[in-house]
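The data block below is run.cif; it holds mmCIF, C-alpha atoms.
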```cif
data_structure
loop_
_atom_site.label_atom_id
_atom_site.label_comp_id
_atom_site.auth_asym_id
_atom_site.auth_seq_id
_atom_site.Cartn_x
_atom_site.Cartn_y
_atom_site.Cartn_z
CA MET T 1 93.04 110.04 66.09
CA LEU T 2 96.68 110.87 66.56
CA SER T 3 97.60 112.36 69.89
CA ARG T 4 99.01 115.88 70.07
CA ARG T 5 102.30 114.48 71.34
CA LEU T 6 102.62 112.14 68.35
CA ILE T 7 101.73 114.91 65.93
CA GLY T 8 104.36 117.10 67.59
CA TRP T 9 106.99 114.40 67.18
CA LEU T 10 106.09 113.94 63.52
CA LEU T 11 106.35 117.67 62.87
CA LEU T 12 109.69 117.79 64.67
CA MET T 13 111.07 114.91 62.61
CA LEU T 14 109.84 116.57 59.42
CA LEU T 15 111.56 119.83 60.32
CA LEU T 16 114.74 118.00 61.28
CA GLY T 17 114.68 116.13 57.99
CA GLU T 18 114.31 119.35 56.04
CA GLY T 19 117.17 120.87 58.03
CA ILE T 20 119.41 117.91 57.29
CA GLU T 21 118.59 118.10 53.59
CA ARG T 22 119.35 121.82 53.56
CA ALA T 23 122.67 121.17 55.32
CA ARG T 24 123.50 118.44 52.81
CA ALA T 25 122.67 120.80 49.95
CA GLN T 26 124.92 123.49 51.45
CA ILE T 27 127.77 121.01 51.89
CA SER T 28 127.31 119.84 48.31
CA LEU T 29 127.20 123.43 47.10
CA ARG T 30 130.44 124.27 48.85
CA SER T 31 132.19 121.14 47.63
CA ASP T 32 131.19 121.91 44.03
CA LEU T 33 133.10 125.20 44.12
CA VAL T 34 136.24 124.97 41.95
CA THR T 35 139.13 127.29 42.79
CA VAL T 36 142.16 128.42 40.81
CA ASP T 37 145.00 130.73 41.87
CA VAL T 38 146.45 133.06 39.25
CA THR T 39 149.37 135.45 39.01
CA VAL T 40 149.35 138.28 36.47
CA PHE T 41 152.40 139.95 34.90
CA ASP T 42 152.99 142.81 32.52
CA ALA T 43 155.31 142.57 29.51
CA GLU T 44 158.33 143.42 31.69
CA GLY T 45 157.57 140.63 34.16
CA ASN T 46 156.26 142.91 36.92
CA TYR T 47 153.37 141.69 39.06
CA VAL T 48 150.02 143.32 38.36
CA THR T 49 148.12 143.61 41.64
CA ASP T 50 145.41 146.20 40.97
CA LEU T 51 142.96 144.02 39.05
CA GLN T 52 139.34 143.60 40.08
CA LYS T 53 136.91 140.73 39.63
CA ASP T 54 135.46 142.22 36.44
CA ASP T 55 138.92 142.34 34.85
CA PHE T 56 138.99 138.53 34.70
CA GLU T 57 137.21 136.06 32.46
CA LEU T 58 137.03 132.43 33.54
CA ARG T 59 136.09 129.66 31.11
CA HIS T 60 135.07 126.07 31.81
CA ASP T 61 135.78 123.90 28.76
CA GLY T 62 135.85 127.10 26.73
CA VAL T 63 132.51 128.43 28.00
CA PRO T 64 132.52 131.63 30.15
CA GLN T 65 131.36 131.12 33.74
CA PRO T 66 130.33 133.58 36.46
CA ILE T 67 133.08 134.09 39.04
CA ALA T 68 131.46 133.15 42.35
CA PHE T 69 134.43 134.08 44.54
CA PHE T 70 137.29 136.52 44.05
CA GLU T 71 140.14 137.48 46.35
CA ALA T 72 143.10 139.75 45.70
CA GLN T 73 145.95 139.33 48.16
CA ILE T 74 147.41 142.79 47.78
CA ARG T 75 147.76 143.43 51.52
CA PRO T 76 149.60 141.19 54.00
CA GLU T 77 146.51 140.82 56.16
CA LEU T 78 144.60 139.45 53.16
CA THR T 79 147.21 136.84 52.25
CA ARG T 80 145.90 133.30 52.54
CA PRO T 81 147.58 130.96 55.00
CA LEU T 82 149.78 128.35 53.34
CA ALA T 83 150.57 124.70 53.82
CA VAL T 84 154.12 124.32 52.50
CA VAL T 85 156.23 121.22 52.02
CA PHE T 86 159.97 121.86 51.68
CA ALA T 87 161.39 118.99 49.59
CA LEU T 88 165.19 118.79 49.94
CA ASP T 89 167.36 116.83 47.51
CA THR T 90 169.88 114.89 49.60
CA SER T 91 171.30 112.79 46.77
CA GLY T 92 175.01 112.57 46.03
CA SER T 93 174.67 114.93 43.06
CA VAL T 94 173.73 117.81 45.35
CA GLY T 95 176.23 119.14 47.87
CA PRO T 96 175.02 120.13 51.35
CA GLN T 97 173.77 123.71 51.47
CA ILE T 98 171.76 123.30 54.65
CA ALA T 99 172.90 126.41 56.54
CA GLU T 100 172.04 128.65 53.61
CA GLN T 101 168.70 126.91 53.09
CA GLN T 102 167.83 127.19 56.79
CA GLN T 103 168.47 130.91 56.82
CA ALA T 104 166.41 131.45 53.68
CA ALA T 105 163.54 129.33 55.00
CA ARG T 106 163.59 131.31 58.25
CA GLN T 107 163.13 134.52 56.26
CA PHE T 108 160.38 132.93 54.17
CA LEU T 109 158.42 131.99 57.30
CA SER T 110 158.52 135.61 58.44
CA LEU T 111 157.12 136.91 55.14
CA ILE T 112 153.92 134.91 54.86
CA HIS T 113 150.67 134.51 56.77
CA PRO T 114 151.32 133.65 60.45
CA GLY T 115 148.66 130.93 60.30
CA SER T 116 150.70 128.93 57.79
CA VAL T 117 152.09 125.45 58.47
CA PHE T 118 155.17 123.67 57.13
CA ALA T 119 156.55 120.19 56.60
CA VAL T 120 160.01 119.02 55.48
CA ILE T 121 160.94 115.94 53.47
CA GLY T 122 164.27 114.75 52.08
CA PHE T 123 164.89 112.49 49.13
CA ASN T 124 167.67 110.46 47.55
CA ASP T 125 167.24 106.68 47.04
CA ARG T 126 164.21 106.97 49.29
CA VAL T 127 161.85 109.67 50.47
CA ARG T 128 161.84 110.51 54.17
CA VAL T 129 159.58 112.81 56.17
CA PHE T 130 161.79 114.89 58.46
CA GLN T 131 158.96 116.98 59.91
CA ARG T 132 155.20 116.79 59.55
CA PHE T 133 153.13 119.95 59.48
CA THR T 134 153.91 122.47 62.19
CA ASN T 135 154.03 126.22 62.66
CA ASP T 136 157.01 126.01 65.01
CA PRO T 137 160.11 127.55 63.32
CA ALA T 138 162.46 125.66 65.65
CA ARG T 139 161.08 122.32 64.48
CA ILE T 140 161.50 123.38 60.86
CA GLU T 141 165.14 124.30 61.45
CA ARG T 142 165.82 120.97 63.17
CA ALA T 143 164.23 119.19 60.21
CA PHE T 144 166.64 120.94 57.83
CA GLU T 145 169.50 119.74 60.04
CA ARG T 146 168.44 116.15 59.40
CA ALA T 147 169.09 116.68 55.68
CA ARG T 148 172.84 117.21 56.15
CA GLU T 149 173.78 113.63 55.27
CA VAL T 150 173.83 113.29 51.49
CA GLY T 151 174.33 110.35 49.16
CA GLY T 152 172.57 108.01 46.78
CA ARG T 153 170.58 108.67 43.65
CA THR T 154 167.53 110.87 43.09
CA ARG T 155 163.83 110.04 43.35
CA LEU T 156 162.59 113.51 42.49
CA TYR T 157 159.15 112.62 41.10
CA ASP T 158 158.46 110.22 43.97
CA ALA T 159 159.36 113.01 46.41
CA LEU T 160 156.95 115.42 44.74
CA ASP T 161 154.27 112.75 44.87
CA ARG T 162 154.91 112.25 48.60
CA ALA T 163 154.71 116.00 49.18
CA ILE T 164 151.37 116.16 47.37
CA THR T 165 150.09 113.24 49.46
CA LEU T 166 151.15 114.99 52.68
CA LEU T 167 149.32 118.13 51.63
CA SER T 168 146.19 116.20 50.64
CA ARG T 169 145.99 114.01 53.74
CA GLU T 170 147.58 115.92 56.59
CA ALA T 171 147.56 119.65 55.90
CA PRO T 172 144.65 121.65 57.33
CA ARG T 173 142.14 122.73 54.71
CA ARG T 174 141.22 125.89 56.61
CA ARG T 175 143.01 128.09 59.13
CA ASP T 176 141.73 131.29 60.66
CA GLY T 177 138.51 130.79 58.71
CA ARG T 178 140.28 130.86 55.33
CA ILE T 179 141.08 128.20 52.76
CA VAL T 180 144.73 127.17 52.95
CA ARG T 181 146.80 127.35 49.77
CA ARG T 182 148.96 124.27 49.14
CA VAL T 183 152.55 124.75 47.99
CA VAL T 184 155.64 122.59 47.44
CA ILE T 185 159.10 124.18 47.32
CA VAL T 186 161.64 121.67 46.00
CA ILE T 187 165.40 122.31 46.11
CA THR T 188 167.16 120.00 43.65
CA ASP T 189 169.51 119.66 40.70
CA GLY T 190 166.44 118.79 38.63
CA PHE T 191 167.31 115.21 37.66
CA ASP T 192 165.47 112.00 38.42
CA TYR T 193 166.93 108.50 38.22
CA THR T 194 164.90 106.01 40.25
CA SER T 195 161.31 107.24 40.67
CA THR T 196 158.41 104.86 40.23
CA ILE T 197 155.87 107.54 39.27
CA SER T 198 155.81 109.44 35.99
CA HIS T 199 155.94 113.20 35.64
CA THR T 200 152.50 113.20 33.98
CA GLU T 201 150.99 111.51 37.02
CA VAL T 202 152.66 114.06 39.30
CA ILE T 203 151.06 116.88 37.29
CA HIS T 204 147.67 115.15 37.41
CA ARG T 205 147.86 114.57 41.16
CA ALA T 206 149.07 118.12 41.87
CA ASN T 207 146.25 119.64 39.82
CA ALA T 208 143.67 117.41 41.51
CA ALA T 209 144.96 118.40 44.96
CA GLU T 210 145.29 122.11 44.06
CA VAL T 211 149.04 122.08 44.74
CA THR T 212 151.45 124.62 43.25
CA ILE T 213 155.07 123.48 42.86
CA TYR T 214 158.00 125.90 42.94
CA SER T 215 161.51 124.67 42.16
CA ILE T 216 164.88 126.02 43.20
CA THR T 217 167.39 124.42 40.85
CA LEU T 218 171.08 123.98 41.62
CA PRO T 219 172.23 124.28 38.00
CA SER T 220 174.89 122.42 36.06
CA TYR T 221 176.73 123.95 33.11
CA VAL T 222 178.59 122.90 29.98
CA LEU T 223 181.07 124.92 27.98
CA SER T 224 180.30 125.64 24.34
CA VAL T 225 181.68 127.90 21.64
CA THR T 226 179.30 130.61 22.85
CA GLY T 227 180.36 130.28 26.48
CA ARG T 228 178.92 128.60 29.54
CA ARG T 229 175.42 127.17 29.09
CA ARG T 230 173.04 125.76 31.68
CA VAL T 231 172.18 122.10 31.20
CA PRO T 232 168.41 121.58 30.80
CA THR T 233 167.06 119.19 33.43
CA LEU T 234 164.37 116.52 33.46
CA LEU T 235 162.35 118.76 35.76
CA ASP T 236 162.55 121.53 33.15
CA ALA T 237 161.40 119.17 30.40
CA SER T 238 158.62 117.60 32.47
CA GLY T 239 156.56 120.78 32.70
CA ILE T 240 155.63 119.97 36.30
CA VAL T 241 156.41 123.43 37.63
CA ARG T 242 154.80 125.28 34.74
CA GLN T 243 151.63 123.16 34.68
CA THR T 244 151.01 123.56 38.41
CA GLY T 245 151.28 127.34 38.27
CA GLY T 246 154.71 127.53 39.88
CA ARG T 247 158.01 128.95 38.77
CA ASP T 248 161.59 127.72 38.56
CA PHE T 249 164.39 129.70 40.19
CA SER T 250 168.06 129.06 39.48
CA ALA T 251 170.32 129.18 42.55
CA GLU T 252 173.34 130.43 40.62
CA GLU T 253 175.34 131.62 43.63
CA ARG T 254 173.75 129.22 46.12
CA ASP T 255 172.12 132.29 47.66
CA PHE T 256 168.66 131.07 48.61
CA ALA T 257 167.37 134.10 50.54
CA PRO T 258 166.44 136.25 47.49
CA ILE T 259 164.72 133.23 45.92
CA PHE T 260 162.59 132.44 48.95
CA LYS T 261 161.70 136.12 49.18
CA ALA T 262 160.68 136.13 45.51
CA ILE T 263 158.43 133.10 46.05
CA ALA T 264 156.76 134.82 49.01
CA GLU T 265 156.25 137.98 46.96
CA GLU T 266 154.73 136.02 44.10
CA ILE T 267 152.28 134.27 46.40
CA ARG T 268 151.29 137.62 47.91
CA ALA T 269 150.71 139.01 44.41
CA SER T 270 148.29 136.25 43.40
CA TYR T 271 144.52 136.23 42.98
CA THR T 272 142.09 133.48 43.93
CA LEU T 273 139.08 132.83 41.69
CA ALA T 274 136.35 130.24 42.12
CA TYR T 275 133.26 129.19 40.21
CA TYR T 276 130.50 126.60 40.16
CA PRO T 277 130.74 124.30 37.11
CA PRO T 278 127.61 123.63 35.04
CA LEU T 279 125.30 121.21 36.87
CA GLU T 280 125.73 118.47 34.29
CA HIS T 281 129.52 118.51 34.80
CA ARG T 282 129.72 118.57 38.60
CA ARG T 283 129.63 114.79 39.09
CA ASP T 284 130.46 113.38 35.66
CA GLY T 285 133.91 111.99 36.54
CA ARG T 286 135.53 113.77 33.59
CA PHE T 287 138.42 116.19 33.24
CA HIS T 288 137.39 119.79 32.58
CA GLU T 289 139.66 122.55 31.35
CA ILE T 290 139.90 125.87 33.18
CA THR T 291 141.12 128.97 31.34
CA VAL T 292 141.60 132.35 33.00
CA THR T 293 142.27 135.50 30.97
CA VAL T 294 142.26 139.22 31.71
CA ARG T 295 140.49 141.88 29.70
CA ARG T 296 143.29 144.42 30.10
CA PRO T 297 145.54 144.05 27.02
CA GLY T 298 149.21 143.12 27.20
CA LEU T 299 149.07 141.13 30.43
CA ILE T 300 150.20 137.54 31.02
CA VAL T 301 148.31 135.13 33.29
CA ARG T 302 149.82 132.10 35.01
CA GLN T 303 147.28 129.83 36.70
CA SER T 304 147.77 127.14 39.33
CA ARG T 305 146.04 124.44 37.33
CA ARG T 306 144.76 123.94 33.81
CA GLY T 307 141.75 121.94 34.82
CA TYR T 308 140.29 119.48 37.31
CA LEU T 309 138.81 116.00 37.44
CA ALA T 310 135.18 116.11 38.53
CA PRO T 311 134.05 113.53 41.11
CA GLN T 312 131.97 110.59 39.93
CA GLY T 313 128.33 110.12 40.88
#
```
Using the file provided, produce a representation of the structure as structure tokens.
Amino acid sequence: MLSRRLIGWLLLMLLLGEGIERARAQISLRSDLVTVDVTVFDAEGNYVTDLQKDDFELRHDGVPQPIAFFEAQIRPELTRPLAVVFALDTSGSVGPQIAEQQQAARQFLSLIHPGSVFAVIGFNDRVRVFQRFTNDPARIERAFERAREVGGRTRLYDALDRAITLLSREAPRRRDGRIVRRVVIVITDGFDYTSTISHTEVIHRANAAEVTIYSITLPSYVLSVTGRRRVPTLLDASGIVRQTGGRDFSAEERDFAPIFKAIAEEIRASYTLAYYPPLEHRRDGRFHEITVTVRRPGLIVRQSRRGYLAPQG
């Protein structure tokens, strides 16, 4: 006959085993949650910030899914903390605008969630990390100073890839109990000459890492019979910004402050939606399309990613 002590140990191990399995199930449940950030505009381009969960419809591979999580960031205290990589083009085709960029970045830091963190990279013939993630404004300003020396050609796509890698590997996933939103802000002339990665791979990696890319383009112009016309860039043609839910801003007068403010306002006007994919798709290793629409007519939705690659196994 088993002793009472042995029976007690067996019961304890059984309970512990059940607890571990429950914890594993909870971890799996949380990791299966798929998120997407969206911004909604009216026909005039104004942000629409009064929508509720029931105003949205979310589809997985064309099939409507229940929205398991919804957050509207209409008040500053509800804004998610960010992890932001500033990617600065230091190639010879871009003149130094560091003082203006520093001032604009300083204003940007004051407009977003105080729990946010920032990193700075520079790129020309190579990609360099000037500052890893910090919430110290003084360190960010010093990192911008290191970008004053310009020269060489442009590895734009490689720089975006490095920024995505930094966000994936080094940025905190949560701060102040909230999921951190991942953002890249790249300041560039929009051309790429020596990258080793393709624009399609950048889009794929950004979508997989839930990274939104905003671009501030220092435009070039040509004269035509109709007047001055902006030269389309490789970044424009690549679709990287559009397909990661970001937006391109043209720094016509090299005045960066209004642009950084506009990016902060757009982030504050966004919504976060999340859902659990169908069970048979959660570990199938395949790409699944996400489509978000609103039931209110006449509105335009821009989402941070068009789909995701499910883990295998």
Name the residues that the PyMOL selection byres ((chain T and resi 124-134) around 7) picks from the file above, as JSON, numbers by chain, using the file's chain letters and numbers.
-> {"T": [89, 90, 91, 117, 118, 119, 120, 121, 122, 123, 135, 136, 140, 143, 146, 151, 152, 153, 154, 155, 159, 171]}
Selection above as a file: C-alpha atoms, as a PDB file, in the frame of the given file:
```
ATOM      1  CA  ASP T  89     167.360 116.830  47.510  1.00  0.00           C
ATOM      2  CA  THR T  90     169.880 114.890  49.600  1.00  0.00           C
ATOM      3  CA  SER T  91     171.300 112.790  46.770  1.00  0.00           C
ATOM      4  CA  VAL T 117     152.090 125.450  58.470  1.00  0.00           C
ATOM      5  CA  PHE T 118     155.170 123.670  57.130  1.00  0.00           C
ATOM      6  CA  ALA T 119     156.550 120.190  56.600  1.00  0.00           C
ATOM      7  CA  VAL T 120     160.010 119.020  55.480  1.00  0.00           C
ATOM      8  CA  ILE T 121     160.940 115.940  53.470  1.00  0.00           C
ATOM      9  CA  GLY T 122     164.270 114.750  52.080  1.00  0.00           C
ATOM     10  CA  PHE T 123     164.890 112.490  49.130  1.00  0.00           C
ATOM     11  CA  ASN T 135     154.030 126.220  62.660  1.00  0.00           C
ATOM     12  CA  ASP T 136     157.010 126.010  65.010  1.00  0.00           C
ATOM     13  CA  ILE T 140     161.500 123.380  60.860  1.00  0.00           C
ATOM     14  CA  ALA T 143     164.230 119.190  60.210  1.00  0.00           C
ATOM     15  CA  ARG T 146     168.440 116.150  59.400  1.00  0.00           C
ATOM     16  CA  GLY T 151     174.330 110.350  49.160  1.00  0.00           C
ATOM     17  CA  GLY T 152     172.570 108.010  46.780  1.00  0.00           C
ATOM     18  CA  ARG T 153     170.580 108.670  43.650  1.00  0.00           C
ATOM     19  CA  THR T 154     167.530 110.870  43.090  1.00  0.00           C
ATOM     20  CA  ARG T 155     163.830 110.040  43.350  1.00  0.00           C
ATOM     21  CA  ALA T 159     159.360 113.010  46.410  1.00  0.00           C
ATOM     22  CA  ALA T 171     147.560 119.650  55.900  1.00  0.00           C
TER      23      ALA T 171
END
```
If you apply the PyMOL selection byres ((chain T and resi 205) around 10) to this file, what residues do you get, as a PyMOL selection string?
-> chain T and resi 160-161+164-165+168+199-204+206-211+244+308-309
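One distance worth recording is that between CA of Gly246 (chain T) and CA of Arg139 (chain T), which is 25.9 Å.
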Selection dump of the PyMOL selection byres ((chain T and resi 176) around 10), as a VMD selection string | chain T and resid 80 to 81 114 to 116 174 to 175 177 to 180
Excluding Ile112 (chain T) and residues on its chain fewer than 5 positions from it, collect all residues at most 12 Å away from it, counting only C-alpha atoms, and give them as an NGL selection string.
-> :T and (73 or 75-84 or 105-107 or 117-118 or 135 or 181 or 260-269)
So which residues touch Asp255 (chain T) within 10 Å, counting all atoms listed in the file, skipping near sequence neighbours fewer than 5 positions away, as a VMD selection string?
-> chain T and resid 97 100 to 101 103 to 104 250 260
For the residues in the current selection, export C-alpha atoms as a compact mmCIF listing (two decimals), in the frame of the given file.
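Result went into out_10.txt, see below:
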```
# COMPACT_ATOMS: atom_id res chain seq x y z
CA GLN T 97 173.77 123.71 51.47
CA GLU T 100 172.04 128.65 53.61
CA GLN T 101 168.70 126.91 53.09
CA GLN T 103 168.47 130.91 56.82
CA ALA T 104 166.41 131.45 53.68
CA SER T 250 168.06 129.06 39.48
CA PHE T 260 162.59 132.44 48.95
```
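Here the question is which of T:Ser270, T:Phe256, T:Ala87, T:Pro219 gets nearest to Val301 (chain T) using all atoms listed in the file, and that residue is T:Ser270.
For the set T:Leu88, T:Leu299, T:Leu234, T:Val150, the residue with the smallest atom-to-atom gap to Gly45 (chain T) is T:Leu299, counting only C-alpha atoms.
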Surrounding residues of Val292 (chain T) excluding itself and chain neighbours under 4 positions, 7 Å, only C-alpha atoms, as a PyMOL selection string | chain T and resi 56-59
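The list of residues with at least one atom within 8 Å of Arg286 (chain T), based on all atoms listed in the file and without residues fewer than 3 positions apart in the same chain, reads T:His281, T:Leu309, T:Ala310, T:Pro311, T:Gln312.
When the distance limit is 6 Å and only C-alpha atoms are what count, the residues near Leu273 (chain T), minus those fewer than 3 positions from it on the same chain, are T:Thr35, T:Val36, T:Phe69, T:Phe70.
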Those same residues, written as a compact mmCIF listing (two decimals), in the frame of the given file with C-alpha atoms?
```txt
# COMPACT_ATOMS: atom_id res chain seq x y z
CA THR T 35 139.13 127.29 42.79
CA VAL T 36 142.16 128.42 40.81
CA PHE T 69 134.43 134.08 44.54
CA PHE T 70 137.29 136.52 44.05
```
Atom pair CA of Asp32 (chain T) / CA of Asp61 (chain T): separation (Å) = 16.1 Å
Given the choices T:Arg295, T:Arg283, T:His60, T:Arg162, which gets closest to Gly307 (chain T) if the distance is worked out from only C-alpha atoms?
-> T:His60
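You will find CA of Thr233 (chain T) at 7.7 Å from CA of Asp189 (chain T).
Using only C-alpha atoms, the shortest contact distance between Ala147 (chain T) and any of T:Ser198, T:Gln102, T:Asn46, T:Ser304 is found at T:Gln102.
Each of T:Glu252, T:Ala72, T:Arg306, T:Val186 was checked against Thr49 (chain T) using all atoms listed in the file; the smallest atom-to-atom distance is that of T:Ala72.
Candidate residues T:Tyr157, T:Tyr214, T:Tyr271, T:Phe108 were compared for distance to Asp192 (chain T), and the nearest is T:Tyr157, using all atoms listed in the file.
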Please reconstruct the missing atoms of region 153-175 of chain T (target: N, CA and C atoms) and return them as a PDB file, keeping the file's coordinate frame.
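And here is the file that came out, result15.pdb:
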```
ATOM      1  N   ARG T 153     171.121 108.114  44.880  1.00  0.00           N
ATOM      2  CA  ARG T 153     170.580 108.670  43.650  1.00  0.00           C
ATOM      3  C   ARG T 153     169.279 109.415  43.945  1.00  0.00           C
ATOM      4  N   THR T 154     168.615 109.899  42.887  1.00  0.00           N
ATOM      5  CA  THR T 154     167.530 110.870  43.090  1.00  0.00           C
ATOM      6  C   THR T 154     166.169 110.301  42.698  1.00  0.00           C
ATOM      7  N   ARG T 155     165.230 110.394  43.632  1.00  0.00           N
ATOM      8  CA  ARG T 155     163.830 110.040  43.350  1.00  0.00           C
ATOM      9  C   ARG T 155     162.994 111.316  43.424  1.00  0.00           C
ATOM     10  N   LEU T 156     163.223 112.191  42.474  1.00  0.00           N
ATOM     11  CA  LEU T 156     162.590 113.510  42.490  1.00  0.00           C
ATOM     12  C   LEU T 156     161.077 113.417  42.339  1.00  0.00           C
ATOM     13  N   TYR T 157     160.596 112.693  41.332  1.00  0.00           N
ATOM     14  CA  TYR T 157     159.150 112.620  41.100  1.00  0.00           C
ATOM     15  C   TYR T 157     158.437 111.930  42.262  1.00  0.00           C
ATOM     16  N   ASP T 158     159.064 110.887  42.811  1.00  0.00           N
ATOM     17  CA  ASP T 158     158.460 110.220  43.970  1.00  0.00           C
ATOM     18  C   ASP T 158     158.369 111.183  45.158  1.00  0.00           C
ATOM     19  N   ALA T 159     159.384 112.043  45.312  1.00  0.00           N
ATOM     20  CA  ALA T 159     159.360 113.010  46.410  1.00  0.00           C
ATOM     21  C   ALA T 159     158.235 114.021  46.223  1.00  0.00           C
ATOM     22  N   LEU T 160     158.046 114.493  45.000  1.00  0.00           N
ATOM     23  CA  LEU T 160     156.950 115.420  44.740  1.00  0.00           C
ATOM     24  C   LEU T 160     155.603 114.759  45.001  1.00  0.00           C
ATOM     25  N   ASP T 161     155.502 113.497  44.618  1.00  0.00           N
ATOM     26  CA  ASP T 161     154.270 112.750  44.870  1.00  0.00           C
ATOM     27  C   ASP T 161     154.008 112.628  46.375  1.00  0.00           C
ATOM     28  N   ARG T 162     155.070 112.355  47.137  1.00  0.00           N
ATOM     29  CA  ARG T 162     154.910 112.250  48.600  1.00  0.00           C
ATOM     30  C   ARG T 162     154.505 113.591  49.196  1.00  0.00           C
ATOM     31  N   ALA T 163     155.075 114.672  48.688  1.00  0.00           N
ATOM     32  CA  ALA T 163     154.710 116.000  49.180  1.00  0.00           C
ATOM     33  C   ALA T 163     153.241 116.300  48.907  1.00  0.00           C
ATOM     34  N   ILE T 164     152.776 115.946  47.720  1.00  0.00           N
ATOM     35  CA  ILE T 164     151.370 116.160  47.370  1.00  0.00           C
ATOM     36  C   ILE T 164     150.463 115.334  48.289  1.00  0.00           C
ATOM     37  N   THR T 165     150.873 114.102  48.569  1.00  0.00           N
ATOM     38  CA  THR T 165     150.090 113.240  49.460  1.00  0.00           C
ATOM     39  C   THR T 165     150.024 113.833  50.867  1.00  0.00           C
ATOM     40  N   LEU T 166     151.145 114.345  51.360  1.00  0.00           N
ATOM     41  CA  LEU T 166     151.150 114.990  52.680  1.00  0.00           C
ATOM     42  C   LEU T 166     150.178 116.163  52.713  1.00  0.00           C
ATOM     43  N   LEU T 167     150.210 116.973  51.681  1.00  0.00           N
ATOM     44  CA  LEU T 167     149.320 118.130  51.630  1.00  0.00           C
ATOM     45  C   LEU T 167     147.859 117.701  51.568  1.00  0.00           C
ATOM     46  N   SER T 168     147.577 116.653  50.808  1.00  0.00           N
ATOM     47  CA  SER T 168     146.190 116.200  50.640  1.00  0.00           C
ATOM     48  C   SER T 168     145.639 115.574  51.914  1.00  0.00           C
ATOM     49  N   ARG T 169     146.477 114.805  52.613  1.00  0.00           N
ATOM     50  CA  ARG T 169     145.990 114.010  53.740  1.00  0.00           C
ATOM     51  C   ARG T 169     146.190 114.646  55.105  1.00  0.00           C
ATOM     52  N   GLU T 170     147.226 115.466  55.248  1.00  0.00           N
ATOM     53  CA  GLU T 170     147.580 115.920  56.590  1.00  0.00           C
ATOM     54  C   GLU T 170     147.517 117.427  56.792  1.00  0.00           C
ATOM     55  N   ALA T 171     147.582 118.193  55.730  1.00  0.00           N
ATOM     56  CA  ALA T 171     147.560 119.650  55.900  1.00  0.00           C
ATOM     57  C   ALA T 171     146.139 120.114  56.213  1.00  0.00           C
ATOM     58  N   PRO T 172     145.991 121.115  57.068  1.00  0.00           N
ATOM     59  CA  PRO T 172     144.650 121.650  57.330  1.00  0.00           C
ATOM     60  C   PRO T 172     144.074 122.282  56.072  1.00  0.00           C
ATOM     61  N   ARG T 173     142.781 122.121  55.888  1.00  0.00           N
ATOM     62  CA  ARG T 173     142.140 122.730  54.710  1.00  0.00           C
ATOM     63  C   ARG T 173     141.792 124.183  54.974  1.00  0.00           C
ATOM     64  N   ARG T 174     141.537 124.507  56.234  1.00  0.00           N
ATOM     65  CA  ARG T 174     141.220 125.890  56.610  1.00  0.00           C
ATOM     66  C   ARG T 174     142.000 126.264  57.861  1.00  0.00           C
ATOM     67  N   ARG T 175     142.416 127.518  57.914  1.00  0.00           N
ATOM     68  CA  ARG T 175     143.010 128.090  59.130  1.00  0.00           C
ATOM     69  C   ARG T 175     142.556 129.531  59.228  1.00  0.00           C
TER      70      ARG T 175
END
```
